[in-house]
file structure.cif (mmCIF, C-alpha atoms and all ligand atoms)
data_start
#
loop_
_atom_site.label_atom_id
_atom_site.label_comp_id
_atom_site.auth_asym_id
_atom_site.auth_seq_id
_atom_site.Cartn_x
_atom_site.Cartn_y
_atom_site.Cartn_z
CA MET A 207 0.66 17.81 -18.28
CA SER A 208 0.06 14.91 -20.65
CA THR A 209 -0.64 11.21 -20.50
CA HIS A 210 1.19 8.38 -22.26
CA THR A 211 0.68 4.68 -22.55
CA GLN A 212 3.48 3.75 -24.97
CA SER A 213 6.75 2.37 -23.72
CA GLU A 214 9.88 4.51 -24.16
CA SER A 215 7.74 7.56 -24.79
CA PRO A 216 9.53 10.91 -24.48
CA GLU A 217 7.62 11.38 -21.24
CA LEU A 218 8.99 8.11 -19.84
CA VAL A 219 12.51 9.31 -20.66
CA SER A 220 11.89 12.71 -19.09
CA VAL A 221 10.48 11.17 -15.90
CA ALA A 222 13.41 8.73 -15.69
CA GLN A 223 15.72 11.77 -15.84
CA LYS A 224 13.78 13.47 -13.06
CA ILE A 225 14.16 10.35 -10.91
CA CYS A 226 17.91 10.27 -11.61
CA ARG A 227 18.26 13.91 -10.57
CA SER A 228 16.14 13.53 -7.43
CA GLN A 229 18.03 13.62 -4.14
CA ARG A 230 15.05 12.71 -1.96
CA THR A 231 12.35 10.65 -3.63
CA VAL A 232 9.14 9.64 -1.92
CA VAL A 233 7.03 6.81 -3.31
CA LEU A 234 3.44 6.43 -2.10
CA THR A 235 1.76 3.14 -2.96
CA GLY A 236 -1.81 1.90 -2.67
CA ALA A 237 -3.72 -1.30 -3.29
CA GLY A 238 -3.16 -0.98 -7.07
CA ILE A 239 0.50 -1.97 -6.86
CA SER A 240 -0.51 -5.34 -5.42
CA ALA A 241 -3.35 -5.91 -7.91
CA GLU A 242 -1.02 -7.64 -10.37
CA SER A 243 0.00 -10.05 -7.60
CA GLY A 244 -3.64 -11.13 -7.44
CA ILE A 245 -4.61 -9.13 -4.33
CA PRO A 246 -7.91 -7.36 -4.99
CA THR A 247 -8.20 -3.62 -4.34
CA PHE A 248 -11.19 -2.47 -2.27
CA ARG A 249 -12.84 -1.05 -5.35
CA ASP A 250 -12.59 -4.35 -7.24
CA SER A 251 -15.65 -6.36 -6.44
CA LEU A 252 -14.96 -9.39 -4.30
CA THR A 253 -15.47 -12.85 -5.71
CA GLY A 254 -16.33 -16.27 -4.31
CA LEU A 255 -17.17 -16.58 -0.66
CA TRP A 256 -17.00 -12.86 -0.01
CA GLU A 257 -18.88 -11.43 -2.96
CA GLN A 258 -21.96 -10.48 -0.97
CA PHE A 259 -19.95 -8.24 1.39
CA ASP A 260 -18.83 -4.66 0.92
CA PRO A 261 -15.20 -4.42 2.12
CA LEU A 262 -15.79 -0.83 3.16
CA GLU A 263 -18.30 -2.21 5.66
CA LEU A 264 -16.06 -5.00 6.98
CA ALA A 265 -13.10 -2.70 7.62
CA THR A 266 -14.50 -0.86 10.63
CA PRO A 267 -14.37 -1.28 14.43
CA GLU A 268 -18.18 -1.41 14.45
CA ALA A 269 -18.17 -4.39 12.06
CA TYR A 270 -15.68 -6.20 14.31
CA CYS A 271 -17.77 -5.55 17.42
CA ARG A 272 -20.93 -6.71 15.64
CA ASN A 273 -19.40 -9.89 14.29
CA PRO A 274 -15.77 -10.56 15.29
CA SER A 275 -15.68 -14.01 13.66
CA LEU A 276 -16.87 -12.66 10.32
CA VAL A 277 -14.31 -9.84 10.29
CA TRP A 278 -11.46 -12.03 11.59
CA GLY A 279 -12.38 -14.67 8.96
CA TRP A 280 -12.24 -12.06 6.19
CA TYR A 281 -8.82 -10.83 7.30
CA GLU A 282 -7.51 -14.40 7.61
CA TRP A 283 -8.75 -15.02 4.06
CA ARG A 284 -6.92 -11.89 2.89
CA ARG A 285 -3.76 -12.90 4.76
CA MET A 286 -3.94 -16.31 3.10
CA LYS A 287 -4.27 -14.63 -0.33
CA VAL A 288 -1.23 -12.47 0.39
CA LEU A 289 0.90 -15.39 1.59
CA GLN A 290 -0.01 -17.28 -1.60
CA SER A 291 0.91 -14.31 -3.81
CA PRO A 292 4.41 -13.35 -4.93
CA PRO A 293 5.60 -9.74 -5.28
CA ASN A 294 5.17 -8.56 -8.89
CA PRO A 295 7.51 -6.64 -11.24
CA GLY A 296 6.23 -3.32 -9.81
CA HIS A 297 7.26 -4.21 -6.24
CA LEU A 298 10.58 -5.58 -7.51
CA ALA A 299 11.35 -2.48 -9.60
CA LEU A 300 10.82 -0.24 -6.54
CA ALA A 301 13.16 -2.38 -4.45
CA THR A 302 15.85 -2.11 -7.15
CA LEU A 303 15.27 1.62 -7.58
CA ALA A 304 15.87 2.22 -3.87
CA ALA A 305 19.46 1.05 -4.35
CA GLN A 306 20.01 3.33 -7.36
CA VAL A 307 18.95 6.75 -6.10
CA PRO A 308 20.44 8.77 -3.23
CA GLN A 309 17.34 8.39 -1.05
CA LEU A 310 13.99 6.69 -1.57
CA ILE A 311 11.37 6.62 1.16
CA LEU A 312 8.58 4.16 0.50
CA ILE A 313 5.22 4.93 2.11
CA THR A 314 2.47 2.38 1.62
CA GLN A 315 -1.21 2.19 2.42
CA ASN A 316 -1.06 -1.53 1.84
CA VAL A 317 -1.43 -4.00 4.65
CA ASP A 318 0.33 -6.80 2.77
CA ASP A 319 4.06 -7.50 3.02
CA LEU A 320 4.80 -7.63 -0.70
CA HIS A 321 7.16 -4.61 -0.66
CA GLU A 322 9.22 -6.25 2.07
CA ARG A 323 9.24 -9.60 0.29
CA ALA A 324 10.39 -7.80 -2.88
CA GLY A 325 13.36 -6.49 -0.88
CA SER A 326 12.35 -2.89 -0.16
CA PRO A 327 14.07 -1.66 2.98
CA ALA A 328 12.23 0.26 5.74
CA VAL A 329 8.68 0.54 4.44
CA LEU A 330 6.40 3.03 6.23
CA HIS A 331 3.04 1.28 6.70
CA LEU A 332 0.36 3.95 7.14
CA HIS A 333 -2.46 1.43 7.54
CA GLY A 334 -0.76 -1.29 9.57
CA SER A 335 -0.28 -4.89 8.52
CA LEU A 336 -2.25 -8.11 8.11
CA HIS A 337 0.72 -9.87 9.64
CA HIS A 338 0.78 -8.09 13.02
CA PRO A 339 -2.53 -8.55 14.84
CA ARG A 340 -3.04 -7.35 18.40
CA CYS A 341 -5.47 -7.58 21.29
CA PHE A 342 -8.67 -5.59 20.81
CA GLU A 343 -8.74 -4.79 24.55
CA CYS A 344 -5.15 -4.31 25.77
CA HIS A 345 -3.34 -3.90 22.38
CA HIS A 346 -0.78 -6.57 23.26
CA PRO A 347 0.75 -7.94 20.01
CA HIS A 348 -0.42 -11.42 19.09
CA THR A 349 1.93 -13.97 17.50
CA LEU A 350 0.27 -15.77 14.60
CA ALA A 351 0.83 -19.48 14.13
CA PRO A 352 3.46 -20.04 11.43
CA GLY A 353 2.38 -21.16 7.98
CA MET A 354 -0.75 -20.60 5.99
CA PRO A 355 -4.06 -19.77 7.68
CA GLU A 356 -6.79 -22.22 6.88
CA GLU A 357 -9.48 -21.09 4.53
CA PRO A 358 -12.64 -20.59 6.56
CA GLU A 359 -14.37 -23.97 6.31
CA GLY A 360 -17.31 -23.81 3.95
CA GLY A 361 -18.28 -20.51 5.54
CA ARG A 362 -16.95 -17.17 6.32
CA THR A 363 -16.42 -17.03 10.01
CA VAL A 364 -13.30 -17.83 12.04
CA PRO A 365 -13.37 -17.03 15.76
CA PRO A 366 -10.50 -14.67 16.60
CA PRO A 367 -7.75 -16.05 18.83
CA ARG A 368 -7.52 -14.90 22.46
CA CYS A 369 -4.93 -12.51 23.87
CA SER A 370 -2.17 -14.24 25.87
CA GLN A 371 -2.21 -11.38 28.42
CA CYS A 372 -5.87 -10.58 29.08
CA CYS A 373 -7.83 -13.22 27.15
CA GLY A 374 -9.49 -10.47 25.09
CA PRO A 375 -10.28 -11.06 21.42
CA VAL A 376 -7.44 -10.51 18.93
CA ARG A 377 -8.06 -8.05 16.08
CA PRO A 378 -6.28 -7.52 12.76
CA GLY A 379 -3.32 -5.13 13.01
CA VAL A 380 -4.71 -2.84 10.35
CA VAL A 381 -6.11 0.68 10.51
CA TRP A 382 -9.86 0.56 10.02
CA PHE A 383 -12.03 3.33 8.60
CA GLY A 384 -12.63 5.83 11.39
CA GLU A 385 -9.39 4.99 13.25
CA SER A 386 -6.26 7.13 13.45
CA LEU A 387 -3.05 6.21 11.71
CA PRO A 388 -0.05 4.90 13.68
CA SER A 389 1.43 8.22 14.79
CA LEU A 390 5.12 7.45 14.27
CA ALA A 391 4.62 6.19 10.69
CA TRP A 392 2.40 9.19 9.92
CA GLN A 393 4.91 11.71 11.36
CA GLN A 394 7.72 10.09 9.39
CA ALA A 395 5.63 10.09 6.21
CA MET A 396 4.73 13.79 6.61
CA ALA A 397 8.36 14.73 7.24
CA ALA A 398 9.50 12.70 4.22
CA VAL A 399 6.94 14.39 1.97
CA HIS A 400 7.86 17.86 3.26
CA HIS A 401 11.52 17.24 2.48
CA CYS A 402 11.23 15.34 -0.80
CA ASP A 403 11.98 16.79 -4.23
CA LEU A 404 9.90 14.22 -6.14
CA LEU A 405 6.78 12.24 -5.21
CA ILE A 406 5.66 9.17 -7.15
CA SER A 407 2.13 8.01 -6.39
CA ILE A 408 1.37 4.48 -7.56
CA GLY A 409 -1.88 2.52 -7.54
CA THR A 410 -3.79 4.73 -5.16
CA SER A 411 -7.18 6.25 -5.86
CA GLY A 412 -6.54 9.29 -3.66
CA LEU A 413 -9.87 8.82 -1.91
CA VAL A 414 -8.69 7.60 1.48
CA TYR A 415 -7.62 10.35 3.91
CA PRO A 416 -5.32 11.33 5.54
CA ALA A 417 -2.99 9.35 3.21
CA ALA A 418 -4.45 11.22 0.25
CA SER A 419 -3.26 14.53 1.73
CA LEU A 420 0.40 13.55 1.16
CA PRO A 421 0.39 14.38 -2.57
CA GLU A 422 -1.49 17.60 -1.72
CA ILE A 423 1.31 18.62 0.67
CA ALA A 424 3.90 17.90 -2.04
CA HIS A 425 1.89 19.99 -4.48
CA LYS A 426 1.75 22.95 -2.06
CA ASN A 427 5.54 22.77 -1.84
CA ASN A 428 5.81 22.80 -5.66
CA THR A 429 7.22 19.28 -5.64
CA PRO A 430 6.72 17.42 -8.92
CA ILE A 431 4.23 14.54 -8.68
CA ILE A 432 4.24 11.48 -10.92
CA VAL A 433 1.07 9.36 -10.97
CA ILE A 434 1.05 5.75 -12.20
CA ASN A 435 -2.47 4.31 -12.44
CA PRO A 436 -4.53 2.70 -15.21
CA ALA A 437 -7.60 4.71 -14.15
CA PRO A 438 -8.18 8.40 -13.35
CA THR A 439 -7.46 9.38 -9.75
CA GLU A 440 -8.24 12.26 -7.40
CA GLN A 441 -4.61 13.42 -7.64
CA ASP A 442 -4.54 13.76 -11.41
CA ASN A 443 -5.22 17.49 -11.31
CA ILE A 444 -2.06 18.13 -9.28
CA ALA A 445 0.17 15.64 -11.14
CA THR A 446 3.11 16.80 -13.23
CA HIS A 447 3.14 13.54 -15.24
CA ILE A 448 0.53 10.80 -15.45
CA PHE A 449 1.22 7.29 -16.73
CA ARG A 450 -2.06 5.63 -17.46
CA GLY A 451 -0.87 2.06 -17.08
CA ARG A 452 -0.16 -0.78 -14.74
CA ALA A 453 2.54 -0.41 -12.12
CA GLY A 454 4.03 -3.79 -13.09
CA GLU A 455 4.59 -2.53 -16.62
CA ILE A 456 5.47 1.16 -16.19
CA LEU A 457 7.93 0.77 -13.29
CA PRO A 458 10.18 -1.79 -15.03
CA GLN A 459 10.15 0.42 -18.16
CA LEU A 460 11.26 3.41 -16.07
CA LEU A 461 13.89 1.36 -14.28
CA LYS A 462 15.43 0.34 -17.62
CA LEU A 463 16.03 4.02 -18.39
CA ILE A 464 17.84 4.68 -15.10
CA PRO A 465 21.59 4.07 -15.17
CA HIS A 466 22.73 1.54 -12.63
CA HIS A 467 25.06 2.90 -10.00
CA HIS A 468 25.34 1.99 -6.36
CA ARG A 469 24.29 4.42 -3.71
CA SER A 470 27.10 5.80 -1.59
CA ARG A 471 27.17 4.07 1.79
CA SER A 472 28.76 7.05 3.53
CA MET A 473 25.55 9.05 4.01
P1 LIG B 1 -8.07 1.83 -3.78
O1 LIG B 1 -8.68 0.47 -3.72
O2 LIG B 1 -8.84 3.00 -3.35
O3 LIG B 1 -7.54 2.14 -5.23
C1 LIG B 1 -6.75 1.25 -5.94
C2 LIG B 1 -6.18 2.00 -7.11
O4 LIG B 1 -5.32 1.11 -7.81
C3 LIG B 1 -7.24 2.47 -8.12
O5 LIG B 1 -7.02 3.84 -8.40
C4 LIG B 1 -6.95 1.60 -9.35
O6 LIG B 1 -7.21 2.29 -10.57
C5 LIG B 1 -5.48 1.33 -9.19
N1 LIG B 1 -4.96 0.14 -9.87
C6 LIG B 1 -5.62 -1.01 -10.17
N2 LIG B 1 -4.77 -1.86 -10.81
C7 LIG B 1 -3.56 -1.23 -10.89
C8 LIG B 1 -2.28 -1.59 -11.43
N3 LIG B 1 -2.07 -2.79 -12.00
N4 LIG B 1 -1.26 -0.70 -11.33
C9 LIG B 1 -1.46 0.52 -10.75
N5 LIG B 1 -2.65 0.91 -10.22
C10 LIG B 1 -3.69 0.05 -10.30
O7 LIG B 1 -6.73 1.66 -2.95
P2 LIG B 1 -6.04 2.64 -1.95
O8 LIG B 1 -5.92 3.99 -2.58
O9 LIG B 1 -4.83 1.94 -1.50
O10 LIG B 1 -7.05 2.77 -0.70
C11 LIG B 1 -7.85 1.74 -0.22
C12 LIG B 1 -7.55 1.21 1.17
O11 LIG B 1 -7.65 -0.18 1.07
C13 LIG B 1 -6.20 1.47 1.69
O12 LIG B 1 -6.38 2.03 2.93
C14 LIG B 1 -5.52 0.10 1.87
O13 LIG B 1 -5.03 -0.01 3.19
C15 LIG B 1 -6.60 -0.89 1.71
N6 LIG B 1 -6.29 -2.07 0.88
C16 LIG B 1 -5.06 -2.63 0.91
C17 LIG B 1 -4.78 -3.75 0.12
C18 LIG B 1 -3.40 -4.37 0.17
O14 LIG B 1 -2.73 -4.25 1.18
N7 LIG B 1 -2.93 -5.01 -0.89
C19 LIG B 1 -5.76 -4.27 -0.72
C20 LIG B 1 -7.03 -3.66 -0.71
C21 LIG B 1 -7.27 -2.56 0.09
ZN ZN B 2 -5.20 -8.36 25.78
#
call {"tool": "encode", "arguments": {"input": "structure.cif", "output": "structure tokens", "more": "lines below"}}
Ligand code: NAD
Ligand code: ZN
result
Amino acid sequence: MSTHTQSESPELVSVAQKICRSQRTVVLTGAGISAESGIPTFRDSLTGLWEQFDPLELATPEAYCRNPSLVWGWYEWRRMKVLQSPPNPGHLALATLAAQVPQLILITQNVDDLHERAGSPAVLHLHGSLHHPRCFECHHPHTLAPGMPEEPEGGRTVPPPRCSQCCGPVRPGVVWFGESLPSLAWQQAMAAVHHCDLLISIGTSGLVYPAASLPEIAHKNNTPIIVINPAPTEQDNIATHIFRGRAGEILPQLLKLIPHHHRSRSM
């Protein structure tokens, strides 16, 4: 195993060849792939209105029960940030890659919709979405008003809307710390990882479980693992190749080395 930062390094060429040969590629993304779109990761410190809060302490059911308007306000602020942010070259390269390999299954821990807006088909969202809130009590989906949410006025709190079915408070449609993952997405992700012949892990620290167990499963099956991250991660010790760089730079470089041919539609 070695690390490279230069473009067109022999390792970049060798990984591009591995991607070309792969029949079933899995890509796992984390907050890092959206960092270059201006969406902060949880480990980046927050700025402005939110700098005095620890995101790890806002992203829990207990925090919502303690102060629903604070937590709803934070998620509305994050949703506003996402809606204002375009997909970056990393998201776009993955969407293009999906059309150039026999099969690419994209699993994300992100709650933004930047993969979809970049054109990636069928994204598996392990941690839900900022864009699909639901009732805290009866789980009925809540339809958000179209357009941009308003920035919490001079403060941080926005009272959550009420459920159209039971009048209960609406909560963000994300998976909080301490909650289980949506079971269908998780089953599909596990199956994809068990059957893949290459796993590419991008912009994820490998600290958040159970998502972080996906590269471990691949490793147990002797599946090669490519890591793309500017900082060391928990998966580095099981990686076959590590690119210590930004997703928005490495992915387009890799894509350039992959010959363009259209996927057969007869599968
Ligand atoms: P994380 O915050 O634990 O780690 C982010 C990783 O991204 C770090 O390893 C960092 O080195 C790396 N990174 C930073 N800039 C990068 C770049 N330009 N290119 C590639 N990598 C880069 O994120 P996580 O592993 O996804 O886990 C945190 C949890 O936070 C997840 O459950 C996720 O749901 C949630 N989250 C999501 C978003 C989002 O949807 N955009 C944003 C923040 C947090
Ligand atoms: Zn309800």
call {"tool": "atom_distance", "arguments": {"input": "structure.cif", "atom1": "atom C8 of ligand LIG 1 (chain B)", "atom2": "CA of Asp442 in chain A"}}
result
15.5 Å
call {"tool": "residues_near_ligand", "arguments": {"input": "structure.cif", "ligand": "ligand ZN 2 (chain B)", "cutoff": "7 Å", "atoms": "all atoms listed in the file", "output": "number ranges by chain"}}
result
A: 341-346, 369-374
call {"tool": "residues_near_ligand", "arguments": {"input": "structure.cif", "ligand": "ligand LIG 1 (chain B)", "cutoff": "8 Å", "atoms": "only C-alpha atoms and all ligand atoms", "output": "PDB file with C-alpha atoms, in the frame of the given file"}}
result
ATOM      1  CA  THR A 235       1.760   3.140  -2.960  1.00  0.00           C
ATOM      2  CA  GLY A 236      -1.810   1.900  -2.670  1.00  0.00           C
ATOM      3  CA  ALA A 237      -3.720  -1.300  -3.290  1.00  0.00           C
ATOM      4  CA  GLY A 238      -3.160  -0.980  -7.070  1.00  0.00           C
ATOM      5  CA  ILE A 239       0.500  -1.970  -6.860  1.00  0.00           C
ATOM      6  CA  SER A 240      -0.510  -5.340  -5.420  1.00  0.00           C
ATOM      7  CA  ALA A 241      -3.350  -5.910  -7.910  1.00  0.00           C
ATOM      8  CA  GLU A 242      -1.020  -7.640 -10.370  1.00  0.00           C
ATOM      9  CA  ILE A 245      -4.610  -9.130  -4.330  1.00  0.00           C
ATOM     10  CA  PRO A 246      -7.910  -7.360  -4.990  1.00  0.00           C
ATOM     11  CA  THR A 247      -8.200  -3.620  -4.340  1.00  0.00           C
ATOM     12  CA  PHE A 248     -11.190  -2.470  -2.270  1.00  0.00           C
ATOM     13  CA  ARG A 249     -12.840  -1.050  -5.350  1.00  0.00           C
ATOM     14  CA  ASP A 250     -12.590  -4.350  -7.240  1.00  0.00           C
ATOM     15  CA  VAL A 288      -1.230 -12.470   0.390  1.00  0.00           C
ATOM     16  CA  THR A 314       2.470   2.380   1.620  1.00  0.00           C
ATOM     17  CA  GLN A 315      -1.210   2.190   2.420  1.00  0.00           C
ATOM     18  CA  ASN A 316      -1.060  -1.530   1.840  1.00  0.00           C
ATOM     19  CA  VAL A 317      -1.430  -4.000   4.650  1.00  0.00           C
ATOM     20  CA  ASP A 318       0.330  -6.800   2.770  1.00  0.00           C
ATOM     21  CA  ASP A 319       4.060  -7.500   3.020  1.00  0.00           C
ATOM     22  CA  LEU A 332       0.360   3.950   7.140  1.00  0.00           C
ATOM     23  CA  HIS A 333      -2.460   1.430   7.540  1.00  0.00           C
ATOM     24  CA  GLY A 334      -0.760  -1.290   9.570  1.00  0.00           C
ATOM     25  CA  SER A 335      -0.280  -4.890   8.520  1.00  0.00           C
ATOM     26  CA  LEU A 336      -2.250  -8.110   8.110  1.00  0.00           C
ATOM     27  CA  VAL A 380      -4.710  -2.840  10.350  1.00  0.00           C
ATOM     28  CA  VAL A 381      -6.110   0.680  10.510  1.00  0.00           C
ATOM     29  CA  ILE A 408       1.370   4.480  -7.560  1.00  0.00           C
ATOM     30  CA  GLY A 409      -1.880   2.520  -7.540  1.00  0.00           C
ATOM     31  CA  THR A 410      -3.790   4.730  -5.160  1.00  0.00           C
ATOM     32  CA  SER A 411      -7.180   6.250  -5.860  1.00  0.00           C
ATOM     33  CA  GLY A 412      -6.540   9.290  -3.660  1.00  0.00           C
ATOM     34  CA  LEU A 413      -9.870   8.820  -1.910  1.00  0.00           C
ATOM     35  CA  VAL A 414      -8.690   7.600   1.480  1.00  0.00           C
ATOM     36  CA  ALA A 418      -4.450  11.220   0.250  1.00  0.00           C
ATOM     37  CA  ILE A 434       1.050   5.750 -12.200  1.00  0.00           C
ATOM     38  CA  ASN A 435      -2.470   4.310 -12.440  1.00  0.00           C
ATOM     39  CA  PRO A 436      -4.530   2.700 -15.210  1.00  0.00           C
ATOM     40  CA  ALA A 437      -7.600   4.710 -14.150  1.00  0.00           C
ATOM     41  CA  PRO A 438      -8.180   8.400 -13.350  1.00  0.00           C
ATOM     42  CA  THR A 439      -7.460   9.380  -9.750  1.00  0.00           C
ATOM     43  CA  GLY A 451      -0.870   2.060 -17.080  1.00  0.00           C
ATOM     44  CA  ARG A 452      -0.160  -0.780 -14.740  1.00  0.00           C
ATOM     45  CA  ALA A 453       2.540  -0.410 -12.120  1.00  0.00           C
ATOM     46  CA  GLY A 454       4.030  -3.790 -13.090  1.00  0.00           C
TER      47      GLY A 454
END
call {"tool": "atom_distance", "arguments": {"input": "structure.cif", "atom1": "CA of Arg227 in chain A", "atom2": "CA of Pro293 in chain A"}}
result
27.3 Å
call {"tool": "atom_distance", "arguments": {"input": "structure.cif", "atom1": "CA of Ser220 in chain A", "atom2": "CA of Ala305 in chain A"}}
result
20.3 Å
call {"tool": "residues_near_point", "arguments": {"input": "structure.cif", "point": "(-0.8, 18.9, -9.8)", "cutoff": "6 Å", "atoms": "only C-alpha atoms", "output": "PyMOL selection string"}}
result
chain A and resi 443-446
